[in-house]
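Enquirer: Next comes the structure file coords-v7.txt, holding compact mmCIF, C-alpha atoms.
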# COMPACT_ATOMS: atom_id res chain seq x y z
CA MET H 1 8.57 -14.90 -13.48
CA PRO H 2 8.91 -15.46 -9.72
CA THR H 3 6.41 -13.97 -7.31
CA PHE H 4 9.14 -12.59 -5.04
CA SER H 5 12.49 -10.90 -5.57
CA LEU H 6 14.50 -10.55 -2.38
CA ILE H 7 17.22 -7.89 -2.60
CA VAL H 8 20.16 -7.93 -0.18
CA PRO H 9 22.72 -5.05 -0.23
CA ILE H 10 26.08 -6.31 1.01
CA TYR H 11 28.99 -4.36 2.47
CA LYS H 12 31.39 -5.65 5.14
CA ILE H 13 28.96 -8.12 6.71
CA GLU H 14 30.68 -11.39 5.82
CA GLN H 15 30.23 -12.87 9.30
CA TYR H 16 26.45 -12.36 9.28
CA LEU H 17 25.71 -13.12 5.65
CA PRO H 18 25.46 -16.95 5.71
CA LYS H 19 22.67 -16.85 8.32
CA CYS H 20 20.77 -14.32 6.22
CA ILE H 21 21.14 -16.31 2.99
CA GLU H 22 20.29 -19.63 4.65
CA SER H 23 17.11 -18.12 6.10
CA VAL H 24 16.00 -17.24 2.57
CA LEU H 25 16.94 -20.64 1.18
CA ALA H 26 14.92 -22.24 4.02
CA GLN H 27 11.67 -20.57 2.89
CA LYS H 28 8.77 -23.00 2.55
CA CYS H 29 7.64 -21.09 -0.53
CA ARG H 30 10.15 -21.61 -3.36
CA ASP H 31 8.68 -19.07 -5.78
CA PHE H 32 11.45 -16.50 -5.37
CA GLU H 33 14.76 -15.21 -6.60
CA LEU H 34 17.48 -13.92 -4.27
CA LEU H 35 19.56 -11.01 -5.56
CA LEU H 36 22.78 -10.63 -3.57
CA ILE H 37 24.27 -7.22 -4.37
CA ASP H 38 27.96 -6.96 -3.46
CA ASP H 39 28.44 -3.21 -3.03
CA GLY H 40 32.21 -3.30 -3.53
CA SER H 41 32.68 -4.98 -0.17
CA PRO H 42 36.39 -5.29 0.77
CA ASP H 43 35.93 -8.47 2.84
CA GLY H 44 35.15 -11.98 1.62
CA SER H 45 31.48 -11.29 0.92
CA GLY H 46 31.95 -11.24 -2.86
CA LYS H 47 33.44 -14.73 -2.99
CA LEU H 48 30.87 -16.00 -0.49
CA ILE H 49 27.90 -14.93 -2.63
CA ASP H 50 29.55 -16.32 -5.77
CA ASP H 51 29.82 -19.69 -4.02
CA TYR H 52 26.15 -19.58 -3.02
CA ALA H 53 25.10 -18.62 -6.56
CA THR H 54 27.10 -21.53 -7.97
CA ARG H 55 25.43 -23.97 -5.59
CA HIS H 56 21.90 -22.56 -6.10
CA PRO H 57 21.80 -21.18 -9.66
CA ALA H 58 18.01 -21.47 -9.94
CA LEU H 59 17.42 -19.26 -6.90
CA ILE H 60 20.41 -16.95 -6.40
CA ARG H 61 22.01 -14.26 -8.50
CA ALA H 62 25.29 -12.76 -7.31
CA ILE H 63 25.76 -9.19 -8.54
CA HIS H 64 28.88 -7.08 -8.07
CA GLN H 65 29.08 -3.29 -8.32
CA PRO H 66 31.50 -0.52 -7.29
CA ASN H 67 30.74 0.81 -3.84
CA GLY H 68 27.76 3.18 -3.97
CA GLY H 69 26.04 2.61 -0.65
CA ALA H 70 23.02 0.54 0.35
CA GLY H 71 20.65 2.80 -1.61
CA ALA H 72 22.54 2.28 -4.85
CA ALA H 73 22.65 -1.48 -4.24
CA ARG H 74 18.90 -1.61 -3.67
CA ASN H 75 18.25 0.46 -6.80
CA HIS H 76 20.43 -1.93 -8.80
CA GLY H 77 18.45 -4.84 -7.40
CA ILE H 78 15.13 -3.21 -8.29
CA ALA H 79 16.30 -2.68 -11.88
CA LEU H 80 17.30 -6.34 -12.22
CA ALA H 81 14.41 -7.90 -10.29
CA LYS H 82 12.02 -10.19 -12.17
CA GLY H 83 9.53 -10.72 -9.34
CA GLU H 84 6.08 -9.22 -9.00
CA TYR H 85 6.81 -8.29 -5.37
CA LEU H 86 10.05 -6.98 -3.89
CA LEU H 87 11.45 -7.50 -0.40
CA PHE H 88 14.56 -5.80 0.97
CA VAL H 89 16.62 -7.75 3.48
CA ASP H 90 19.66 -6.36 5.27
CA GLY H 91 22.52 -8.84 5.10
CA ASP H 92 23.02 -8.93 8.87
CA ASP H 93 19.35 -9.80 9.48
CA TYR H 94 17.35 -12.95 8.73
CA LEU H 95 13.82 -14.25 8.11
CA ASP H 96 11.37 -16.75 9.54
CA ASP H 97 10.91 -19.64 7.11
CA THR H 98 7.16 -19.06 6.70
CA LEU H 99 7.36 -15.42 5.54
CA LEU H 100 7.04 -16.01 1.80
CA SER H 101 4.47 -18.80 2.09
CA ASP H 102 2.24 -16.65 4.31
CA LEU H 103 2.67 -13.70 1.96
CA ALA H 104 1.83 -15.89 -1.04
CA THR H 105 -1.38 -17.06 0.64
CA GLU H 106 -2.41 -13.48 1.37
CA ILE H 107 -1.49 -12.28 -2.13
CA GLU H 108 -3.65 -14.97 -3.70
CA LYS H 109 -6.63 -13.63 -1.73
CA THR H 110 -6.10 -9.86 -1.82
CA HIS H 111 -3.57 -8.84 -4.53
CA ALA H 112 -2.61 -5.73 -2.56
CA ASP H 113 0.12 -3.27 -3.57
CA LEU H 114 1.89 -3.45 -0.23
CA TYR H 115 2.07 -6.03 2.56
CA LEU H 116 3.36 -5.19 6.04
CA PHE H 117 4.62 -7.53 8.76
CA GLY H 118 6.30 -7.31 12.14
CA ALA H 119 9.89 -7.77 13.24
CA HIS H 120 11.76 -9.34 16.13
CA VAL H 121 14.45 -7.07 17.58
CA GLU H 122 17.64 -8.81 18.66
CA LYS H 123 20.85 -7.62 20.28
CA ASP H 124 23.84 -9.76 21.21
CA GLY H 125 21.89 -12.88 20.31
CA VAL H 126 19.01 -12.05 22.65
CA LYS H 127 15.51 -11.07 21.56
CA ASN H 128 14.59 -7.81 23.30
CA GLY H 129 11.35 -6.77 21.67
CA GLU H 130 9.08 -6.69 18.64
CA LEU H 131 8.14 -4.00 16.14
CA HIS H 132 4.65 -3.82 14.64
CA GLU H 133 2.76 -1.45 12.40
CA LEU H 134 -0.14 0.61 13.78
CA VAL H 135 -2.79 -0.33 11.20
CA GLU H 136 -5.34 -3.08 11.78
CA VAL H 137 -4.42 -6.66 10.91
CA ARG H 138 -5.72 -7.94 7.56
CA LYS H 139 -7.96 -4.93 7.03
CA PRO H 140 -7.32 -3.41 3.58
CA CYS H 141 -6.35 0.23 3.93
CA ASN H 142 -4.38 3.03 2.32
CA ALA H 143 -2.85 6.32 3.42
CA ALA H 144 -5.98 8.32 2.59
CA SER H 145 -8.22 6.17 4.78
CA THR H 146 -5.71 5.30 7.49
CA PRO H 147 -3.14 8.01 8.35
CA GLU H 148 -1.56 5.68 10.94
CA LEU H 149 0.08 4.00 7.95
CA PHE H 150 2.59 6.85 7.97
CA PHE H 151 3.49 6.41 11.63
CA GLY H 152 4.77 2.85 11.74
CA ILE H 153 8.17 1.30 11.09
CA MET H 154 10.34 3.60 8.98
CA ALA H 155 12.44 0.82 7.47
CA PRO H 156 12.27 -0.86 4.06
CA TRP H 157 12.61 -4.42 5.36
CA ASN H 158 9.25 -5.17 7.01
CA ARG H 159 7.18 -5.14 3.82
CA ALA H 160 6.60 -6.71 0.43
CA TYR H 161 6.12 -4.15 -2.34
CA LYS H 162 4.53 -4.56 -5.72
CA LYS H 163 7.41 -3.70 -8.03
CA SER H 164 5.34 -1.09 -9.88
CA LEU H 165 5.44 1.12 -6.77
CA PHE H 166 9.04 1.99 -7.64
CA GLU H 167 8.28 3.49 -11.04
CA ASN H 168 8.97 7.00 -9.72
CA ILE H 169 10.61 6.23 -6.37
CA GLU H 170 14.22 5.29 -5.72
CA PHE H 171 16.61 5.04 -2.79
CA ALA H 172 19.09 7.83 -2.14
CA SER H 173 22.75 6.81 -2.07
CA ARG H 174 25.40 7.46 0.56
CA VAL H 175 23.05 9.30 2.89
CA TRP H 176 21.59 8.85 6.34
CA TYR H 177 17.80 8.73 6.73
CA GLU H 178 17.37 7.11 3.31
CA ASP H 179 14.65 4.80 4.61
CA ILE H 180 12.13 7.42 5.70
CA ARG H 181 12.34 9.01 2.23
CA VAL H 182 11.26 5.80 0.51
CA VAL H 183 8.81 4.39 3.05
CA THR H 184 6.84 7.64 3.28
CA LYS H 185 6.49 7.88 -0.50
CA VAL H 186 5.56 4.23 -0.97
CA ASN H 187 2.91 4.48 1.74
CA ALA H 188 1.33 7.37 -0.16
CA MET H 189 1.39 5.54 -3.51
CA ALA H 190 0.04 2.14 -2.43
CA LYS H 191 -3.67 1.88 -3.23
CA THR H 192 -4.21 -1.20 -1.06
CA VAL H 193 -2.17 -2.16 1.99
CA ILE H 194 -2.53 -5.32 4.10
CA ARG H 195 -0.84 -5.97 7.42
CA LEU H 196 0.02 -9.54 8.44
CA PRO H 197 -0.10 -10.13 12.20
CA GLN H 198 3.12 -12.01 12.85
CA PRO H 199 6.71 -10.80 13.17
CA TYR H 200 8.71 -12.60 10.47
CA TYR H 201 11.80 -10.42 10.18
CA HIS H 202 14.71 -10.62 12.63
CA TYR H 203 16.29 -7.18 12.97
CA LEU H 204 19.75 -7.22 14.53
CA GLN H 205 20.74 -4.11 16.47
CA ARG H 206 24.45 -3.41 16.06
CA GLU H 207 26.71 -0.72 17.46
CA GLY H 208 28.04 0.05 14.00
CA SER H 209 24.69 1.16 12.59
CA ALA H 210 24.13 4.73 11.44
CA MET H 211 21.68 5.43 14.25
CA ASN H 212 24.34 4.45 16.81
CA ASN H 213 26.99 6.56 15.11
CA LYS H 214 28.48 9.34 17.27
CA ASN H 215 29.04 11.71 14.32
CA SER H 216 26.56 14.38 15.38
CA GLU H 217 27.07 16.53 12.26
CA ARG H 218 25.69 13.86 9.93
CA ASN H 219 22.31 14.19 11.60
CA VAL H 220 21.88 17.32 9.48
CA GLU H 221 20.88 14.88 6.75
CA ILE H 222 17.44 14.46 8.27
CA LEU H 223 16.78 18.02 7.07
CA TYR H 224 17.80 16.98 3.55
CA ALA H 225 15.53 13.94 3.87
CA PHE H 226 12.53 16.08 4.79
CA ASP H 227 13.35 18.57 2.04
CA ASP H 228 13.25 15.64 -0.39
CA ILE H 229 10.00 14.26 1.05
CA LEU H 230 8.21 17.62 0.97
CA SER H 231 9.42 18.30 -2.56
CA TRP H 232 8.23 14.89 -3.78
CA PHE H 233 4.80 15.27 -2.18
CA ARG H 234 4.41 18.66 -3.82
CA GLU H 235 5.48 17.28 -7.20
CA GLN H 236 2.90 14.50 -6.86
CA LYS H 237 0.27 17.06 -5.77
CA LEU H 238 -0.15 15.18 -2.52
CA TYR H 239 1.26 17.74 -0.08
CA ASP H 240 -2.07 19.32 0.89
CA THR H 241 -3.67 15.88 1.29
CA TYR H 242 -1.01 14.63 3.70
CA ARG H 243 0.23 17.85 5.30
CA ASN H 244 -0.90 16.82 8.81
CA GLU H 245 0.78 13.43 8.49
CA LEU H 246 4.04 14.91 7.20
CA THR H 247 4.03 17.38 10.09
CA PHE H 248 3.61 14.61 12.63
CA LEU H 249 6.38 12.60 10.97
CA ALA H 250 8.66 15.62 11.38
CA ILE H 251 7.67 15.96 15.04
CA GLU H 252 8.54 12.32 15.72
CA HIS H 253 11.65 11.87 13.62
CA LEU H 254 13.18 15.34 13.41
CA LEU H 255 12.10 17.37 16.42
CA ILE H 256 12.15 14.47 18.87
CA ALA H 257 14.35 11.57 17.68
CA ALA H 258 17.07 13.47 15.80
CA THR H 259 17.28 16.20 18.45
CA VAL H 260 17.67 13.62 21.21
CA ARG H 261 20.32 11.81 19.17
CA VAL H 262 22.38 15.00 18.84
CA LEU H 263 21.80 16.09 22.45
CA GLN H 264 23.30 12.86 23.72
CA ILE H 265 26.47 13.56 21.74
CA ASP H 266 26.80 17.32 22.22
CA ARG H 267 24.19 19.33 24.10
CA LYS H 268 25.47 22.61 22.62
CA HIS H 269 25.60 21.45 19.01
CA HIS H 270 24.12 23.91 16.50
CA LEU H 271 21.81 21.24 15.06
CA VAL H 272 19.66 21.31 18.18
CA ASN H 273 18.66 24.86 17.30
CA ASP H 274 18.66 24.16 13.55
CA PHE H 275 16.07 21.40 13.95
CA ARG H 276 13.82 23.70 15.96
CA GLN H 277 14.13 26.49 13.37
CA TYR H 278 13.33 24.05 10.56
CA MET H 279 10.14 23.00 12.33
CA GLU H 280 9.11 26.61 12.87
CA LYS H 281 9.74 27.46 9.21
CA LYS H 282 8.37 24.38 7.44
CA PHE H 283 5.64 23.38 9.91
CA PRO H 284 4.73 26.60 11.76
CA ASP H 285 1.53 25.13 13.22
CA PHE H 286 3.12 21.88 14.42
CA ARG H 287 2.05 22.53 18.04
CA GLU H 288 -1.59 22.14 16.98
CA ASN H 289 -1.09 18.96 14.96
CA LYS H 290 -4.10 16.67 15.26
CA HIS H 291 -1.96 13.54 15.57
CA LEU H 292 -0.07 14.64 18.70
CA PRO H 293 -2.24 12.38 20.92
CA LEU H 294 -0.59 9.40 19.15
CA LEU H 295 2.68 10.15 20.96
CA ASP H 296 3.16 7.69 23.80
CA LYS H 297 3.69 9.11 27.29
CA ASN H 298 7.50 8.95 27.06
CA LYS H 299 7.66 10.78 23.73
CA ARG H 300 5.08 13.27 24.95
CA LEU H 301 7.28 14.11 27.92
CA ILE H 302 10.38 14.53 25.75
CA TYR H 303 8.40 16.64 23.27
CA LYS H 304 7.25 19.02 26.02
CA LEU H 305 10.76 19.28 27.48
CA LEU H 306 12.26 20.04 24.07
CA LEU H 307 9.71 22.79 23.45
CA LYS H 308 10.81 24.35 26.75
CA LYS H 309 14.50 23.83 25.82
CA ARG H 310 15.04 21.69 28.91
CA TYR H 311 17.97 19.95 27.30
CA ARG H 312 19.79 19.02 30.51
CA THR H 313 16.68 17.25 31.74
CA VAL H 314 16.30 15.35 28.46
CA ASN H 315 19.92 14.24 28.65
CA ALA H 316 19.50 13.14 32.26
CA ILE H 317 16.46 11.03 31.35
CA PHE H 318 18.35 9.19 28.63
CA ARG H 319 21.43 8.70 30.81
CA ILE H 320 19.23 7.06 33.44
CA LYS H 321 17.51 4.91 30.82
CA LYS H 322 20.90 3.77 29.55
CA LEU H 323 22.05 2.88 33.06
CA LEU H 324 18.87 0.90 33.59
CA GLY H 325 19.33 -0.84 30.24
CA LYS H 326 16.04 0.46 28.81
How does this structure look as structure tokens?
Expert:
Amino acid sequence: MPTFSLIVPIYKIEQYLPKCIESVLAQKCRDFELLLIDDGSPDGSGKLIDDYATRHPALIRAIHQPNGGAGAARNHGIALAKGEYLLFVDGDDYLDDTLLSDLATEIEKTHADLYLFGAHVEKDGVKNGELHELVEVRKPCNAASTPELFFGIMAPWNRAYKKSLFENIEFASRVWYEDIRVVTKVNAMAKTVIRLPQPYYHYLQREGSAMNNKNSERNVEILYAFDDILSWFREQKLYDTYRNELTFLAIEHLLIAATVRVLQIDRKHHLVNDFRQYMEKKFPDFRENKHLPLLDKNKRLIYKLLLKKRYRTVNAIFRIKKLLGK
């Protein structure tokens, strides 16, 4: 049984895929399997992964399925994975060659349920930043002791999960905001979490991503995501324990980020009001949330402007930021 199973959902990313696969094959630690999940991709990705699997049969499995979305591909990979720990890699991203070896060293010492690491952010071949979690480096923690665990990177790719964490958690299919559903639940379930200091993952920003999509109506799906999250936490009898953290997540991702995303497309769109009403109904005391001081000064300004419905001002700020390339 390998220590690591790396799961890559693949759909229309043929041009990026070789760099991703080669970065996995270049890992200094060889105790892994690579599951390449062709999600009914109409380009040459299917043949490409078959060729790689033929050349590296001990390391790579090429799996083909009808198109079901990235969530369905990841779920398929989880079901087939033989590794003790799972990593999810997007096929247009890539890894530093020391990721698995550094994880293996840390696992040997700590045997945690969940390991976090940072990411390089790249656009048009140029590195333009790094993403890091908010919890302390190499200090064992969990959601109960360290609420900041909930407020980090809401993506599945900057962590190594013990496979057992997915016994009652799965990815949603064909939806936006699928990542926050899974990451929030996993953070609550992990009994021990360790953060590694370095950024090992290379996250490629592309215009075609969901968060850059100009279809304002699909942002309604963040409401479905929070409905799912709240329902799950209630089912697990964890809602009261993490109510403050869930409220702050909604402030950051729904009230601020999703509202700004819609405002930049259509300032008069009904979702702007719908998001506000959702907050008032589901989180009526959100204005008194104890985690509000964690908002940086820019988010704090946008938050205050949104509460006052100063939508023109919010739009003007983001137009200026775009012109300045920030």
Enquirer: Excluding same-chain residues fewer than 4 positions from Glu14 (chain H), what lies within 8 Å of it counting all atoms listed in the file, as a ChimeraX atom specification?
Expert: /H:18,43-45,48
Enquirer: Would you work out the distance separating CA of Met279 (chain H) from CA of Thr313 (chain H), expressed in Å to one decimal?
Expert: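 Interatomic distance, CA of Met279 (chain H) to CA of Thr313 (chain H): 21.3 Å.
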Enquirer: Could you tell me which of H:Leu196, H:Ala72, H:Leu131, H:Ile21 comes closest to Ala53 (chain H) if we count all atoms listed in the file?
Expert: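 The answer is H:Ile21, which sits nearest to Ala53 (chain H).
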Enquirer: Calculated over only C-alpha atoms, which of the candidates H:Cys141, H:Ala70, H:Ile265, H:Ile317 has the smallest distance to Ser173 (chain H)?
Expert: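 With only C-alpha atoms as the atom set, the closest residue is H:Ala70.
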Enquirer: Could you pull the residues within 10 Å of Arg287 (chain H), counting all atoms listed in the file, minus those fewer than 2 positions along the same chain, as a count of residues only?
Expert: 12
Enquirer: When you count only C-alpha atoms, which of these residues is closest to Ala225 (chain H): H:Glu288, H:Glu178, H:Asp266, H:Asp93?
Expert: H:Glu178
Enquirer: Please indicate the distance in Å from CA of Arg159 (chain H) to CA of Asp179 (chain H), rounded to one decimal place.
Expert: 12.5 Å
